[in-house]
>>> print(open('run-v7.cif').read())   # mmCIF, C-alpha atoms
data_data
#
loop_
_atom_site.label_atom_id
_atom_site.label_comp_id
_atom_site.auth_asym_id
_atom_site.auth_seq_id
_atom_site.Cartn_x
_atom_site.Cartn_y
_atom_site.Cartn_z
CA MET A 221 0.00 0.00 0.00
CA LYS A 222 2.85 2.36 0.86
CA ARG A 223 4.42 1.67 -2.55
CA LEU A 224 1.13 2.41 -4.32
CA HIS A 225 0.78 5.59 -2.34
CA LEU A 226 4.32 6.69 -3.29
CA LEU A 227 3.72 5.86 -6.94
CA PHE A 228 0.52 7.90 -6.89
CA ILE A 229 2.34 10.92 -5.41
CA LEU A 230 5.13 10.61 -7.99
CA LEU A 231 2.58 10.45 -10.81
CA ILE A 232 0.83 13.62 -9.59
CA ALA A 233 4.20 15.41 -9.30
CA ILE A 234 5.13 14.46 -12.87
CA VAL A 235 1.81 15.74 -14.21
CA VAL A 236 2.15 19.05 -12.31
CA LEU A 237 5.76 19.57 -13.48
CA SER A 238 4.77 18.77 -17.04
CA ALA A 239 1.95 21.31 -16.91
CA CYS A 240 4.31 23.91 -15.49
CA GLY A 241 6.79 23.17 -18.24
CA ASP A 242 4.11 23.64 -20.91
CA SER A 243 3.00 26.87 -19.28
CA ASN A 244 6.58 28.19 -19.18
CA GLU A 245 7.05 27.25 -22.84
CA GLU A 246 3.84 29.08 -23.75
CA ASP A 247 5.00 32.14 -21.80
CA ALA A 248 8.37 31.99 -23.54
CA ASP A 249 6.65 31.68 -26.92
CA SER A 250 4.40 34.63 -26.05
CA ASP A 251 7.40 36.77 -25.02
CA GLU A 252 9.18 35.80 -28.23
CA THR A 253 6.16 36.84 -30.29
CA ASP A 254 5.87 40.15 -28.43
CA ASP A 255 9.57 40.86 -28.92
CA GLU A 256 9.78 39.66 -32.51
CA LYS A 257 9.03 42.96 -34.29
CA TRP A 258 11.21 45.03 -31.99
CA GLU A 259 14.08 42.53 -32.28
CA GLU A 260 13.74 42.55 -36.07
CA ILE A 261 13.93 46.34 -36.16
CA GLN A 262 16.92 46.39 -33.82
CA ASN A 263 18.72 43.77 -35.92
CA GLU A 264 18.12 45.80 -39.07
CA GLY A 265 18.98 49.04 -37.29
CA GLU A 266 16.23 50.77 -39.26
CA LEU A 267 12.61 51.81 -38.89
CA VAL A 268 10.61 51.54 -42.14
CA VAL A 269 7.74 54.03 -42.12
CA GLY A 270 4.79 54.26 -44.49
CA THR A 271 3.64 57.76 -45.43
CA SER A 272 1.63 59.38 -48.21
CA GLY A 273 3.88 62.27 -49.24
CA THR A 274 0.78 64.08 -50.52
CA LEU A 275 -0.66 65.80 -47.44
CA ILE A 276 0.37 69.44 -46.94
CA GLY A 277 1.35 70.00 -43.32
CA GLY A 278 1.45 66.31 -42.50
CA SER A 279 3.52 64.48 -45.12
CA TYR A 280 4.64 66.27 -48.28
CA TYR A 281 7.64 67.19 -50.42
CA ASP A 282 9.12 70.62 -49.69
CA GLY A 283 10.44 71.30 -53.17
CA GLU A 284 10.09 70.15 -56.74
CA GLU A 285 12.27 67.08 -56.29
CA GLU A 286 10.43 64.14 -54.69
CA SER A 287 13.41 62.82 -52.75
CA GLU A 288 13.54 61.55 -49.19
CA ASP A 289 15.56 64.63 -48.24
CA GLN A 290 12.66 66.82 -49.39
CA LEU A 291 10.00 64.77 -47.58
CA THR A 292 8.76 66.61 -44.50
CA GLY A 293 5.70 67.51 -42.43
CA TYR A 294 4.51 66.91 -38.89
CA GLU A 295 4.04 63.16 -39.31
CA VAL A 296 7.36 62.75 -41.12
CA GLU A 297 9.42 64.79 -38.65
CA THR A 298 7.73 63.13 -35.65
CA MET A 299 8.74 59.76 -37.06
CA ARG A 300 12.29 60.98 -37.69
CA GLU A 301 12.54 62.15 -34.08
CA ILE A 302 11.20 58.82 -32.79
CA ALA A 303 13.80 56.91 -34.80
CA GLU A 304 16.63 59.17 -33.68
CA ARG A 305 15.72 58.77 -30.01
CA LEU A 306 15.53 55.00 -30.46
CA ASP A 307 19.00 55.11 -32.08
CA LEU A 308 17.67 53.80 -35.38
CA ASP A 309 18.02 54.81 -39.01
CA ILE A 310 14.77 55.57 -40.82
CA SER A 311 13.45 55.09 -44.33
CA PHE A 312 10.08 56.03 -45.82
CA GLU A 313 7.83 54.06 -48.15
CA ILE A 314 5.39 56.24 -50.08
CA ILE A 315 2.05 54.52 -49.73
CA GLY A 316 -1.62 55.46 -50.00
CA VAL A 317 -3.73 55.59 -46.86
CA ASP A 318 -5.90 52.72 -48.15
CA ASN A 319 -2.85 50.42 -48.28
CA VAL A 320 -1.20 51.15 -44.92
CA MET A 321 -2.71 48.28 -42.96
CA ALA A 322 -2.03 45.72 -45.68
CA ALA A 323 1.58 46.95 -45.83
CA ILE A 324 1.98 46.43 -42.08
CA ASP A 325 0.44 42.96 -42.30
CA SER A 326 2.80 41.99 -45.11
CA GLY A 327 5.89 43.41 -43.37
CA ARG A 328 6.54 45.94 -46.14
CA ILE A 329 6.56 48.67 -43.49
CA ASP A 330 7.02 48.62 -39.72
CA ILE A 331 4.84 51.54 -38.70
CA SER A 332 2.81 54.46 -39.98
CA ALA A 333 0.61 57.23 -38.63
CA ALA A 334 -3.11 56.45 -38.59
CA THR A 335 -6.37 57.53 -37.01
CA ILE A 336 -7.08 55.40 -33.93
CA THR A 337 -10.43 53.60 -34.04
CA ASP A 338 -11.97 50.75 -32.04
CA LYS A 339 -12.16 48.58 -35.16
CA ARG A 340 -8.52 49.08 -36.05
CA GLU A 341 -7.44 48.34 -32.48
CA GLU A 342 -8.91 44.86 -32.87
CA ASP A 343 -6.26 44.04 -35.48
CA PHE A 344 -3.35 46.41 -34.79
CA ASN A 345 -1.40 48.02 -31.98
CA PHE A 346 -1.38 51.80 -31.59
CA SER A 347 0.87 54.13 -29.65
CA ASP A 348 -0.57 56.89 -27.50
CA PRO A 349 -1.92 59.75 -29.64
CA HIS A 350 0.54 62.34 -30.91
CA LYS A 351 -2.06 64.36 -32.82
CA TYR A 352 -5.58 65.47 -31.88
CA SER A 353 -7.99 66.92 -34.37
CA TYR A 354 -11.52 66.73 -35.72
CA VAL A 355 -13.25 66.41 -39.07
CA THR A 356 -14.35 69.27 -41.30
CA MET A 357 -15.15 69.91 -44.97
CA ALA A 358 -13.78 71.72 -47.97
CA VAL A 359 -16.74 73.09 -49.90
CA ARG A 360 -17.38 75.68 -52.61
CA GLU A 361 -17.12 79.15 -51.16
CA ASP A 362 -20.08 80.72 -52.96
CA ASP A 363 -22.75 78.42 -51.44
CA ASN A 364 -20.98 75.90 -49.16
CA SER A 365 -21.83 73.34 -51.89
CA GLY A 366 -25.40 73.40 -50.57
CA ILE A 367 -24.31 71.81 -47.29
CA ASP A 368 -25.48 73.40 -44.03
CA SER A 369 -25.54 70.22 -41.93
CA LEU A 370 -24.29 66.64 -42.07
CA GLU A 371 -27.75 65.58 -43.27
CA ASP A 372 -27.25 67.75 -46.38
CA LEU A 373 -24.54 65.33 -47.54
CA GLU A 374 -27.27 63.07 -48.94
CA GLY A 375 -26.92 62.88 -52.71
CA LYS A 376 -23.65 64.83 -52.77
CA ALA A 377 -20.38 63.60 -54.32
CA ALA A 378 -17.54 63.42 -51.79
CA GLY A 379 -13.91 62.93 -52.81
CA GLY A 380 -11.94 60.61 -50.54
CA GLY A 381 -10.01 57.42 -49.92
CA ALA A 382 -12.00 54.20 -49.99
CA THR A 383 -11.15 52.98 -46.47
CA THR A 384 -10.95 56.24 -44.51
CA ILE A 385 -13.16 57.26 -41.66
CA TYR A 386 -13.96 60.41 -43.65
CA SER A 387 -15.50 58.44 -46.49
CA GLN A 388 -17.44 56.34 -44.00
CA ILE A 389 -18.95 59.52 -42.58
CA ALA A 390 -19.88 60.65 -46.10
CA GLU A 391 -21.54 57.32 -46.87
CA GLN A 392 -23.35 57.25 -43.52
CA TYR A 393 -25.06 60.49 -44.45
CA GLY A 394 -25.92 59.40 -47.98
CA ALA A 395 -23.10 60.88 -50.08
CA GLU A 396 -21.48 59.07 -53.01
CA VAL A 397 -17.74 58.64 -52.43
CA VAL A 398 -15.45 59.33 -55.39
CA THR A 399 -12.08 57.64 -54.77
CA TYR A 400 -8.67 58.71 -56.08
CA GLY A 401 -5.96 56.47 -54.63
CA ASN A 402 -2.84 58.25 -53.37
CA ALA A 403 -3.65 61.52 -55.16
CA PRO A 404 -2.36 64.95 -54.10
CA ASN A 405 -4.60 67.53 -52.42
CA GLU A 406 -4.89 69.43 -55.68
CA ALA A 407 -6.82 66.62 -57.38
CA TYR A 408 -9.42 66.41 -54.63
CA LEU A 409 -9.85 70.15 -54.22
CA ARG A 410 -9.87 71.02 -57.92
CA ASP A 411 -12.82 68.67 -58.41
CA VAL A 412 -14.79 70.50 -55.70
CA HIS A 413 -13.89 73.78 -57.41
CA ASN A 414 -15.01 72.62 -60.86
CA GLY A 415 -18.13 70.80 -59.63
CA ARG A 416 -17.10 67.22 -60.35
CA THR A 417 -17.52 66.63 -56.62
CA ASP A 418 -19.18 68.72 -53.93
CA VAL A 419 -17.10 68.20 -50.85
CA VAL A 420 -13.93 66.78 -49.36
CA ILE A 421 -14.40 65.54 -45.79
CA ASN A 422 -11.07 65.32 -44.01
CA ASP A 423 -8.93 66.16 -41.01
CA TYR A 424 -9.16 69.83 -40.01
CA PHE A 425 -5.43 70.54 -40.20
CA LEU A 426 -4.94 68.84 -43.55
CA THR A 427 -7.99 70.54 -45.01
CA LYS A 428 -6.94 73.96 -43.71
CA PHE A 429 -3.57 73.80 -45.42
CA GLY A 430 -4.95 72.12 -48.51
CA VAL A 431 -7.43 74.94 -49.07
CA ALA A 432 -4.81 77.61 -48.33
CA GLY A 433 -2.50 76.04 -50.90
CA PHE A 434 -4.90 76.79 -53.79
CA PRO A 435 -6.21 80.34 -53.36
CA ASP A 436 -7.51 80.49 -56.96
CA PHE A 437 -10.01 77.68 -56.32
CA ASP A 438 -13.59 78.56 -55.31
CA ILE A 439 -13.31 76.59 -52.06
CA HIS A 440 -13.02 77.21 -48.33
CA LEU A 441 -13.34 75.46 -44.98
CA HIS A 442 -16.96 75.06 -44.01
CA PRO A 443 -17.50 77.91 -41.55
CA ASP A 444 -19.90 76.08 -39.20
CA LEU A 445 -19.31 72.31 -39.22
CA LYS A 446 -16.89 70.69 -36.78
CA PHE A 447 -17.51 67.04 -36.00
CA HIS A 448 -16.06 63.69 -34.94
CA PRO A 449 -12.98 64.33 -32.74
CA THR A 450 -10.04 62.21 -33.85
CA GLU A 451 -6.78 60.92 -32.42
CA THR A 452 -3.77 59.91 -34.50
CA GLY A 453 -1.15 57.49 -33.25
CA VAL A 454 1.58 55.22 -34.57
CA ILE A 455 0.06 52.02 -35.99
CA MET A 456 2.06 48.76 -35.86
CA PRO A 457 1.50 44.98 -35.83
CA LYS A 458 -0.90 43.67 -33.20
CA ASP A 459 1.71 41.68 -31.25
CA ALA A 460 4.40 44.39 -31.28
CA ASP A 461 4.01 45.18 -27.57
CA VAL A 462 7.65 45.98 -26.91
CA LEU A 463 7.82 48.28 -29.94
CA LYS A 464 4.70 50.03 -28.64
CA GLU A 465 6.30 50.53 -25.22
CA GLU A 466 9.49 51.93 -26.78
CA ILE A 467 7.57 54.38 -28.99
CA ASN A 468 5.31 55.48 -26.14
CA SER A 469 8.35 56.14 -23.96
CA VAL A 470 9.86 58.37 -26.66
CA LEU A 471 6.55 60.17 -27.28
CA ASP A 472 6.32 60.89 -23.53
CA GLU A 473 9.78 62.47 -23.67
CA MET A 474 8.79 64.53 -26.71
CA ARG A 475 5.69 65.82 -24.94
CA GLU A 476 7.59 66.71 -21.78
CA ASP A 477 10.42 68.54 -23.53
CA GLY A 478 8.07 70.38 -25.91
CA THR A 479 9.24 68.74 -29.15
CA LEU A 480 5.77 67.58 -30.20
CA SER A 481 4.28 71.03 -29.65
CA GLU A 482 7.14 72.71 -31.53
CA LEU A 483 6.75 70.40 -34.54
CA ALA A 484 2.97 70.78 -34.57
CA ILE A 485 3.16 74.58 -34.50
CA GLN A 486 5.89 74.56 -37.15
CA PHE A 487 3.81 72.62 -39.65
CA TYR A 488 0.19 73.35 -38.66
CA GLU A 489 0.56 76.82 -37.07
CA GLU A 490 -1.44 75.36 -34.17
CA ASP A 491 -0.55 72.84 -31.48
CA ALA A 492 -2.07 69.67 -32.89
CA SER A 493 -0.42 67.67 -30.11
CA GLN A 494 -3.06 69.02 -27.70
CA VAL A 495 -6.79 68.24 -27.55
CA PRO A 496 -8.66 71.05 -29.41
CA GLU A 497 -10.92 73.37 -27.45
CA GLY A 498 -14.59 74.05 -28.13
CA GLU A 499 -17.64 71.94 -28.86
CA ILE A 500 -17.21 69.29 -31.55
CA GLU A 501 -20.18 67.22 -32.70
CA GLU A 502 -19.89 63.46 -32.20
CA VAL A 503 -20.76 61.11 -35.08
CA GLU A 504 -22.28 57.85 -33.88
CA GLY A 505 -22.37 54.45 -35.56
CA LEU A 506 -18.97 54.45 -37.28
CA GLU A 507 -17.38 50.99 -37.58
CA LEU A 508 -13.97 51.73 -39.08
#
>>> encode(input="run-v7.cif", output="C-alpha cells")
Amino acid sequence: MKRLHLLFILLIAIVVLSACGDSNEEDADSDETDDEKWEEIQNEGELVVGTSGTLIGGSYYDGEEESEDQLTGYEVETMREIAERLDLDISFEIIGVDNVMAAIDSGRIDISAATITDKREEDFNFSDPHKYSYVTMAVREDDNSGIDSLEDLEGKAAGGGATTIYSQIAEQYGAEVVTYGNAPNEAYLRDVHNGRTDVVINDYFLTKFGVAGFPDFDIHLHPDLKFHPTETGVIMPKDADVLKEEINSVLDEMREDGTLSELAIQFYEEDASQVPEGEIEEVEGLEL
C-alpha cells in the first residue's frame, strides 16, 4: 500500500511539473512573439515608415524634387525624431492611406501614422496619440456646396479614400464617395472647385492647409461644421508590444520637452499635439 501511495504521489508530481513546463514554454513563446518585431527592427537598425507624401502639413515634399531629403511635415518629422531617439536609421515608403494596414500585415513597413479607431485596435497596436484633431469639410465658397448640416450630404459627391473614416462619414449620411488612390490635395480640391464633386471631408489641419495652398479655387473650410474628434497614433502589428512601449516612452519624452508642440506649431501653425478646445459634434455608428 505504501508503494502504491508513493507511486501515486510521484505520478501527480510528474503531471504538475509537465503542466508547469508547458506553461513556461507558452510564456516563452508569447514573449518571443511580443519581442519579434522590436528585435527585427533592432537587428536591421532601421525603422521603415509608411507615409503618403501628398498631405500638406502632415507628409509632403518641400520642393520640386520628390526625394527623401525633401520629404517633411509633422508626421514625417515626428517619425524621424522617434527613430533618432531610439538610435535607429529611418526610411520612408510612399504609400496610400488605403494600403497602410495591408503593408503592415505583409511586413513591407514597420509603422505608420493612422487615425485610432476601435475597429482598427482589434487588429493592430497603436501608440498613445501624438495628434488630436476633428473632421471638417472643404466646400465651394459661394454656397458651401449646398451643405449646411451633415444631413445635407445626402446625394452629394464626396472625394476621398475608400477605407478612410472620412469616407465612412460621407456614406453614412448618404453621399457618393469618389475615390482617387494616393492623389495629391490638388486633385481632390480642384474637383470640388469645378463641380465634379461637392465636398472633401477630411482632417481639419490637412484641409486647412490644402485649401490655403490653392487660393484660386472657389473653395473654403466650411464655416460652421466641426464634427467627430479624432486621435492619431503610430500604428504597428498587433503583437508588437515591446515596440509600442518603446515608442510610447519616446513620445512621452517629446511631450515633456516640448518637441511635439514645436513640430505641430511649425507645420500646422497650431498645437495639434493638444486636444482642441470648443464643442465638436460626435458622429455615432462608425465601424472603421
>>> resolve_selection(input="run-v7.cif", expression="the PyMOL selection byres ((chain A and resi 281) around 7)", output="PyMOL selection string")
chain A and resi 273+280+282-283+286+290-292
>>> atom_distance(input="run-v7.cif", atom1="atom CA of Phe429 of chain A", atom2="atom CA of Gly278 of chain A")
9.5 Å
>>> closest_atom_pairs(input="run-v7.cif", of="segment 245-338 of chain A", to="segment 380-402 of chain A", cutoff="7 Å", atoms="all atoms listed in the file", output="JSON lines")
{"residue": "A:Ser272", "atom": "CA", "partner": "A:Asn402", "partner_atom": "CA", "distance": 6.9}
{"residue": "A:Gly316", "atom": "CA", "partner": "A:Asn402", "partner_atom": "CA", "distance": 4.5}
{"residue": "A:Asp318", "atom": "CA", "partner": "A:Thr383", "partner_atom": "CA", "distance": 5.5}
>>> resolve_selection(input="run-v7.cif", expression="the PyMOL selection byres ((chain A and resi 255-268) around 9)", output="NGL selection string")
:A and (250-254 or 269-270 or 303 or 307-313 or 328-332 or 457 or 459-464 or 466)
>>> atom_distance(input="run-v7.cif", atom1="atom CA of Ile455 of chain A", atom2="atom CA of Glu297 of chain A")
16.1 Å
>>> closest_residue(input="run-v7.cif", among="A:Met456, A:Asp325, A:Ala378, A:Lys446", to="Val420 of chain A", atoms="all atoms listed in the file")
A:Ala378
>>> residues_around(input="run-v7.cif", residues="Arg305 of chain A", least_positions_apart="3", cutoff="10 Å", atoms="only C-alpha atoms", output="ChimeraX atom specification")
/A:299-302,308,466-467,469-471,473-474
>>> resolve_selection(input="run-v7.cif", expression="the PyMOL selection byres ((chain A and resi 501) around 8)", output="list in words")
Lys446, Phe447, His448, Pro449, Glu499, Ile500, Glu502 and Val503 of chain A
>>> closest_residue(input="run-v7.cif", among="A:Ser369, A:Thr417, A:Asn468, A:Gln486", to="Pro443 of chain A", atoms="only C-alpha atoms")
A:Ser369
>>> closest_residue(input="run-v7.cif", among="A:Ile315, A:Ala432, A:Ala333, A:Val419", to="Gly366 of chain A", atoms="all atoms listed in the file")
A:Val419
>>> closest_residue(input="run-v7.cif", among="A:Glu504, A:Asp472, A:Asp423, A:Asp418", to="Ala334 of chain A", atoms="all atoms listed in the file")
A:Asp423
>>> atom_distance(input="run-v7.cif", atom1="atom CA of Asp411 of chain A", atom2="atom CA of Thr450 of chain A")
25.5 Å
>>> axis_aligned_box(input="run-v7.cif", around="segment 342-357 of chain A", padding_each_side="6 Å", output="lines of an AutoDock Vina configuration file")
center_x = -7.1
center_y = 57.0
center_z = -36.2
size_x = 28.0
size_y = 37.9
size_z = 29.5
>>> residues_around(input="run-v7.cif", residues="Asp362 of chain A", least_positions_apart="4", cutoff="12 Å", atoms="only C-alpha atoms", output="VMD selection string")
chain A and resid 366 to 367 412 to 413 437 to 442
>>> closest_residue(input="run-v7.cif", among="A:Tyr408, A:Tyr488, A:Tyr294, A:Phe434", to="Met357 of chain A", atoms="all atoms listed in the file")
A:Tyr408
>>> closest_residue(input="run-v7.cif", among="A:Ala492, A:Ala377, A:Ile485, A:Ala403", to="Ser365 of chain A", atoms="only C-alpha atoms")
A:Ala377
